[in-house]
Amino acid sequence: MSNIAANLESVRQQLRSAAEQAGRDPQAVTLLAVSKTRPADDLRAAWAQGQRDFGENYLQESLEKIKALADLPLCWHFIGPIQSNKTRPIAENFHWVHSVDREKIGRRLAEQRPPELVPLNICLQVNISGEASKSGCLPEDLPALAAALDALPAISVRGLMAIPAASQDETEQRAVFARMQSLLNELQVQHPQMDTLSMGMSGDMAAAIAEGSTMVRIGTAIFGARDYGNN
Ligand SMILES: *Cc1c(COP(=O)(O)O)cnc(C)c1O
């Protein structure tokens, strides 16, 4: 428990110093605590330290935690791959979805978003490193995808998300994140409400912030190494 508090403080410090080094306001970068595989009590411990935004990858597991933590006003972000027959509970239970990479998924989320809720915020996931095995739409397909989904009032197209190929080299990391920033800038001409760059994880947070990230998704550095043994 106390580890989570100390880790969170350290991540916040790193976030602040990366933003300051880049001449950016630290408040412009939201810290998303990626809590996949973590028990609800770990999220509650992070909440007690002021953490409000949580990112989840696995639907069943996340729905259980959303229920267990319904007494807290948390902001839930779905960041994992989406099967088209699993969109309804996502549309009903989350505030943000970062992993929309095709029109069909965006349309289903819009159709299934309960009308009494505010529009669902979505990011378009980009396969920025061109890896054949990765989710994400190709950069050249972004304008058509953004145009199709921007027309749907039940969702709000807020920005782009990427999970670049892992690299230890900060120059390389920054080059990839800079491409994301320029893709966002191109889309903003048609879609000025797009204000979000969801990029940066435990291993490349500083590089992402240097290149304009507005949401970093941090798991390991907050909760420790993940154990997939029981999943
Ligand atoms: C697991 C995950 C993260 C967090 O990764 P860490 O390296 O543990 O910080 C971020 N984004 C996505 C999409 C993830 O699946």
# chains A, B, ... in the order shown; residues from 1 in each chain; ligands from 1
call {"tool": "residues_near_ligand", "arguments": {"ligand": "ligand 1", "cutoff": "7 Å", "atoms": "only C-alpha atoms and all ligand atoms", "output": "list in words"}}
result
Val34, Lys36, Asn57, Ile79, Gly80, Ile163, Met201, Ser202, Gly203, Arg217, Ile218, Gly219, Thr220 and Ala221 of chain A
call {"tool": "write_last_selection", "arguments": {"atoms": "C-alpha atoms", "output": "PDB file, in the first residue's frame"}}
result
ATOM      1  CA  VAL A  34      -2.900   1.861 -15.663  1.00  0.00           C
ATOM      2  CA  LYS A  36      -4.813  -3.805 -15.325  1.00  0.00           C
ATOM      3  CA  ASN A  57      -7.332  -3.179 -20.669  1.00  0.00           C
ATOM      4  CA  ILE A  79      -7.140   1.374 -23.317  1.00  0.00           C
ATOM      5  CA  GLY A  80      -7.118  -2.259 -24.494  1.00  0.00           C
ATOM      6  CA  ILE A 163       1.891   2.335 -28.253  1.00  0.00           C
ATOM      7  CA  MET A 201       4.286   4.709 -20.587  1.00  0.00           C
ATOM      8  CA  SER A 202       6.631   3.859 -17.703  1.00  0.00           C
ATOM      9  CA  GLY A 203       9.641   3.459 -20.020  1.00  0.00           C
ATOM     10  CA  ARG A 217      -0.456   5.951 -19.244  1.00  0.00           C
ATOM     11  CA  ILE A 218       1.641   4.638 -16.372  1.00  0.00           C
ATOM     12  CA  GLY A 219       1.287   1.146 -14.897  1.00  0.00           C
ATOM     13  CA  THR A 220       4.514  -0.464 -13.677  1.00  0.00           C
ATOM     14  CA  ALA A 221       6.039   2.703 -12.214  1.00  0.00           C
TER      15      ALA A 221
END
call {"tool": "residues_around", "arguments": {"residues": "Gln51 (chain A)", "least_positions_apart": "2", "cutoff": "12 Å", "atoms": "only C-alpha atoms", "output": "ChimeraX atom specification"}}
result
/A:4-5,7-9,11-12,30-35,42-49,53-55,72-76,218,222
call {"tool": "write_last_selection", "arguments": {"atoms": "N, CA, C and O atoms", "output": "compact mmCIF listing (two decimals), in the first residue's frame"}}
result
# COMPACT_ATOMS: atom_id res chain seq x y z
N ILE A 4 2.57 2.17 -3.19
CA ILE A 4 1.81 2.88 -4.22
C ILE A 4 1.89 4.38 -3.98
O ILE A 4 2.09 5.16 -4.91
N ALA A 5 1.77 4.79 -2.72
CA ALA A 5 1.85 6.22 -2.40
C ALA A 5 3.22 6.79 -2.79
O ALA A 5 3.32 7.84 -3.44
N ASN A 7 5.43 5.47 -4.93
CA ASN A 7 5.62 5.41 -6.38
C ASN A 7 4.86 6.54 -7.09
O ASN A 7 5.37 7.15 -8.03
N LEU A 8 3.65 6.78 -6.63
CA LEU A 8 2.85 7.84 -7.25
C LEU A 8 3.54 9.19 -7.10
O LEU A 8 3.61 9.97 -8.06
N GLU A 9 4.05 9.45 -5.91
CA GLU A 9 4.72 10.71 -5.67
C GLU A 9 5.92 10.84 -6.60
O GLU A 9 6.17 11.90 -7.19
N VAL A 11 6.40 9.32 -9.55
CA VAL A 11 5.95 9.51 -10.93
C VAL A 11 5.48 10.95 -11.16
O VAL A 11 5.78 11.57 -12.19
N ARG A 12 4.77 11.49 -10.18
CA ARG A 12 4.30 12.89 -10.32
C ARG A 12 5.48 13.85 -10.41
O ARG A 12 5.45 14.81 -11.18
N THR A 30 -2.18 14.88 -18.06
CA THR A 30 -2.95 14.06 -17.13
C THR A 30 -2.24 12.74 -16.89
O THR A 30 -1.79 12.09 -17.85
N LEU A 31 -2.14 12.37 -15.63
CA LEU A 31 -1.55 11.08 -15.29
C LEU A 31 -2.65 10.02 -15.20
O LEU A 31 -3.55 10.11 -14.36
N LEU A 32 -2.56 9.05 -16.09
CA LEU A 32 -3.49 7.92 -16.09
C LEU A 32 -2.81 6.75 -15.40
O LEU A 32 -1.73 6.34 -15.83
N ALA A 33 -3.40 6.24 -14.33
CA ALA A 33 -2.82 5.09 -13.64
C ALA A 33 -3.36 3.83 -14.32
O ALA A 33 -4.57 3.58 -14.32
N VAL A 34 -2.47 3.07 -14.94
CA VAL A 34 -2.90 1.86 -15.66
C VAL A 34 -2.93 0.70 -14.67
O VAL A 34 -1.91 0.23 -14.20
N SER A 35 -4.16 0.25 -14.38
CA SER A 35 -4.38 -0.64 -13.25
C SER A 35 -4.76 -2.06 -13.66
O SER A 35 -5.27 -2.83 -12.84
N ASP A 42 -5.82 -1.76 -4.60
CA ASP A 42 -4.67 -0.97 -5.07
C ASP A 42 -5.14 0.36 -5.68
O ASP A 42 -4.49 1.40 -5.53
N LEU A 43 -6.27 0.29 -6.39
CA LEU A 43 -6.80 1.52 -6.99
C LEU A 43 -7.30 2.45 -5.89
O LEU A 43 -7.12 3.66 -5.94
N ARG A 44 -7.90 1.86 -4.87
CA ARG A 44 -8.39 2.65 -3.74
C ARG A 44 -7.22 3.35 -3.04
O ARG A 44 -7.32 4.51 -2.62
N ALA A 45 -6.09 2.65 -2.96
CA ALA A 45 -4.90 3.25 -2.34
C ALA A 45 -4.41 4.43 -3.18
O ALA A 45 -4.01 5.47 -2.65
N ALA A 46 -4.45 4.27 -4.49
CA ALA A 46 -4.02 5.38 -5.37
C ALA A 46 -5.01 6.55 -5.26
O ALA A 46 -4.61 7.71 -5.24
N TRP A 47 -6.29 6.22 -5.18
CA TRP A 47 -7.32 7.25 -5.00
C TRP A 47 -7.05 8.07 -3.74
O TRP A 47 -7.14 9.30 -3.74
N ALA A 48 -6.67 7.37 -2.67
CA ALA A 48 -6.41 8.05 -1.39
C ALA A 48 -5.27 9.05 -1.53
O ALA A 48 -5.15 9.99 -0.74
N GLN A 49 -4.41 8.85 -2.52
CA GLN A 49 -3.30 9.78 -2.79
C GLN A 49 -3.68 10.82 -3.85
O GLN A 49 -2.81 11.48 -4.42
N ASP A 53 -7.78 9.29 -12.46
CA ASP A 53 -7.94 8.65 -13.78
C ASP A 53 -7.27 7.29 -13.79
O ASP A 53 -6.09 7.17 -13.45
N PHE A 54 -8.04 6.28 -14.21
CA PHE A 54 -7.53 4.91 -14.24
C PHE A 54 -7.74 4.31 -15.62
O PHE A 54 -8.80 4.49 -16.24
N GLY A 55 -6.72 3.59 -16.09
CA GLY A 55 -6.79 2.94 -17.41
C GLY A 55 -6.85 1.43 -17.25
O GLY A 55 -6.08 0.85 -16.49
N LEU A 72 -16.57 5.83 -5.43
CA LEU A 72 -15.59 6.88 -5.70
C LEU A 72 -15.86 7.51 -7.06
O LEU A 72 -16.15 6.80 -8.03
N PRO A 73 -15.75 8.84 -7.18
CA PRO A 73 -15.98 9.49 -8.48
C PRO A 73 -14.73 9.40 -9.37
O PRO A 73 -14.04 10.38 -9.59
N LEU A 74 -14.46 8.21 -9.88
CA LEU A 74 -13.26 8.00 -10.69
C LEU A 74 -13.57 8.22 -12.17
O LEU A 74 -14.72 8.15 -12.60
N CYS A 75 -12.53 8.49 -12.93
CA CYS A 75 -12.66 8.62 -14.38
C CYS A 75 -12.01 7.39 -15.02
O CYS A 75 -10.82 7.15 -14.84
N TRP A 76 -12.83 6.62 -15.75
CA TRP A 76 -12.37 5.33 -16.28
C TRP A 76 -12.03 5.43 -17.77
O TRP A 76 -12.85 5.92 -18.56
N ILE A 218 0.55 5.20 -17.17
CA ILE A 218 1.64 4.64 -16.37
C ILE A 218 1.13 3.50 -15.50
O ILE A 218 0.26 3.70 -14.65
N ILE A 222 3.85 2.86 -11.13
CA ILE A 222 2.97 3.16 -9.99
C ILE A 222 2.69 1.91 -9.16
O ILE A 222 2.80 1.92 -7.94
call {"tool": "select_by_dssp", "arguments": {"residues": "region 2-226 of chain A", "states": "strand (DSSP E)", "output": "JSON, numbers by chain"}}
result
{"A": [30, 31, 32, 33, 34, 53, 54, 55, 56, 75, 76, 77, 78, 96, 97, 98, 99, 100, 120, 121, 122, 123, 124, 125, 126, 155, 156, 157, 158, 159, 160, 161, 162, 196, 197, 198, 215, 216, 217, 218]}
call {"tool": "write_last_selection", "arguments": {"atoms": "C-alpha atoms", "output": "compact mmCIF listing (two decimals), in the first residue's frame"}}
result
# COMPACT_ATOMS: atom_id res chain seq x y z
CA THR A 30 -2.95 14.06 -17.13
CA LEU A 31 -1.55 11.08 -15.29
CA LEU A 32 -3.49 7.92 -16.09
CA ALA A 33 -2.82 5.09 -13.64
CA VAL A 34 -2.90 1.86 -15.66
CA ASP A 53 -7.94 8.65 -13.78
CA PHE A 54 -7.53 4.91 -14.24
CA GLY A 55 -6.79 2.94 -17.41
CA GLU A 56 -7.97 -0.64 -17.88
CA CYS A 75 -12.66 8.62 -14.38
CA TRP A 76 -12.37 5.33 -16.28
CA HIS A 77 -10.38 4.94 -19.49
CA PHE A 78 -10.55 1.82 -21.66
CA TRP A 96 -12.82 7.58 -22.34
CA VAL A 97 -11.82 4.93 -24.90
CA HIS A 98 -8.26 5.27 -26.23
CA SER A 99 -8.17 2.27 -28.54
CA VAL A 100 -10.61 3.00 -31.36
CA LEU A 120 -17.97 9.25 -24.82
CA ASN A 121 -14.47 10.68 -25.34
CA ILE A 122 -12.48 8.67 -27.81
CA CYS A 123 -8.92 8.62 -29.10
CA LEU A 124 -7.98 7.07 -32.41
CA GLN A 125 -5.25 4.50 -31.95
CA VAL A 126 -2.46 4.82 -34.51
CA ILE A 155 -18.97 10.29 -29.14
CA SER A 156 -16.41 13.06 -29.07
CA VAL A 157 -13.23 12.50 -31.07
CA ARG A 158 -10.63 13.96 -28.72
CA GLY A 159 -7.27 12.86 -30.04
CA LEU A 160 -4.74 10.17 -30.87
CA MET A 161 -3.21 7.28 -28.95
CA ALA A 162 -0.18 5.14 -29.73
CA THR A 196 -5.42 14.98 -26.70
CA LEU A 197 -2.25 12.99 -27.29
CA SER A 198 -2.36 9.76 -25.28
CA MET A 215 -2.04 11.96 -21.15
CA VAL A 216 0.60 9.53 -19.99
CA ARG A 217 -0.46 5.95 -19.24
CA ILE A 218 1.64 4.64 -16.37
call {"tool": "select_by_dssp", "arguments": {"residues": "region 40-197 of chain A", "states": "helix (DSSP H, G or I)", "output": "ChimeraX atom specification"}}
result
/A:40-48,59-68,84-93,103-112,139-150,170-190
call {"tool": "residues_around", "arguments": {"residues": "Met180 (chain A)", "least_positions_apart": "2", "cutoff": "12 Å", "atoms": "only C-alpha atoms", "output": "PyMOL selection string"}}
result
chain A and resi 124-129+138-139+142+159-164+173-178+182-187+196-200+208-209+211-214
call {"tool": "closest_residue", "arguments": {"among": "A:Asp71, A:Glu20, A:Glu64, A:Glu170", "to": "Thr37 (chain A)", "atoms": "only C-alpha atoms"}}
result
A:Glu64
call {"tool": "closest_residue", "arguments": {"among": "A:Leu69, A:Ser84, A:Gln13, A:Glu131", "to": "Arg52 (chain A)", "atoms": "only C-alpha atoms"}}
result
A:Leu69
call {"tool": "atom_distance", "arguments": {"atom1": "CA of Ala68 (chain A)", "atom2": "CA of Lys86 (chain A)"}}
result
20.4 Å
call {"tool": "atom_distance", "arguments": {"atom1": "CA of Gln14 (chain A)", "atom2": "CA of Ala165 (chain A)"}}
result
22.1 Å
call {"tool": "residues_around", "arguments": {"residues": "Asp25 (chain A)", "least_positions_apart": "6", "cutoff": "10 Å", "atoms": "only C-alpha atoms", "output": "list in words"}}
result
Arg16, Ala18 and Ala19 of chain A
call {"tool": "closest_residue", "arguments": {"among": "A:Ala91, A:Met194, A:Leu149, A:Ser133", "to": "Lys104 (chain A)", "atoms": "only C-alpha atoms"}}
result
A:Leu149
call {"tool": "atom_distance", "arguments": {"atom1": "CA of Leu152 (chain A)", "atom2": "CA of Arg88 (chain A)"}}
result
16.1 Å
call {"tool": "residues_around", "arguments": {"residues": "Leu145 (chain A)", "least_positions_apart": "3", "cutoff": "9 Å", "atoms": "only C-alpha atoms", "output": "list in words"}}
result
Asp101, Arg102, Glu103, Leu124, Cys137, Asp141, Leu142, Ala148, Leu149 and Asp150 of chain A
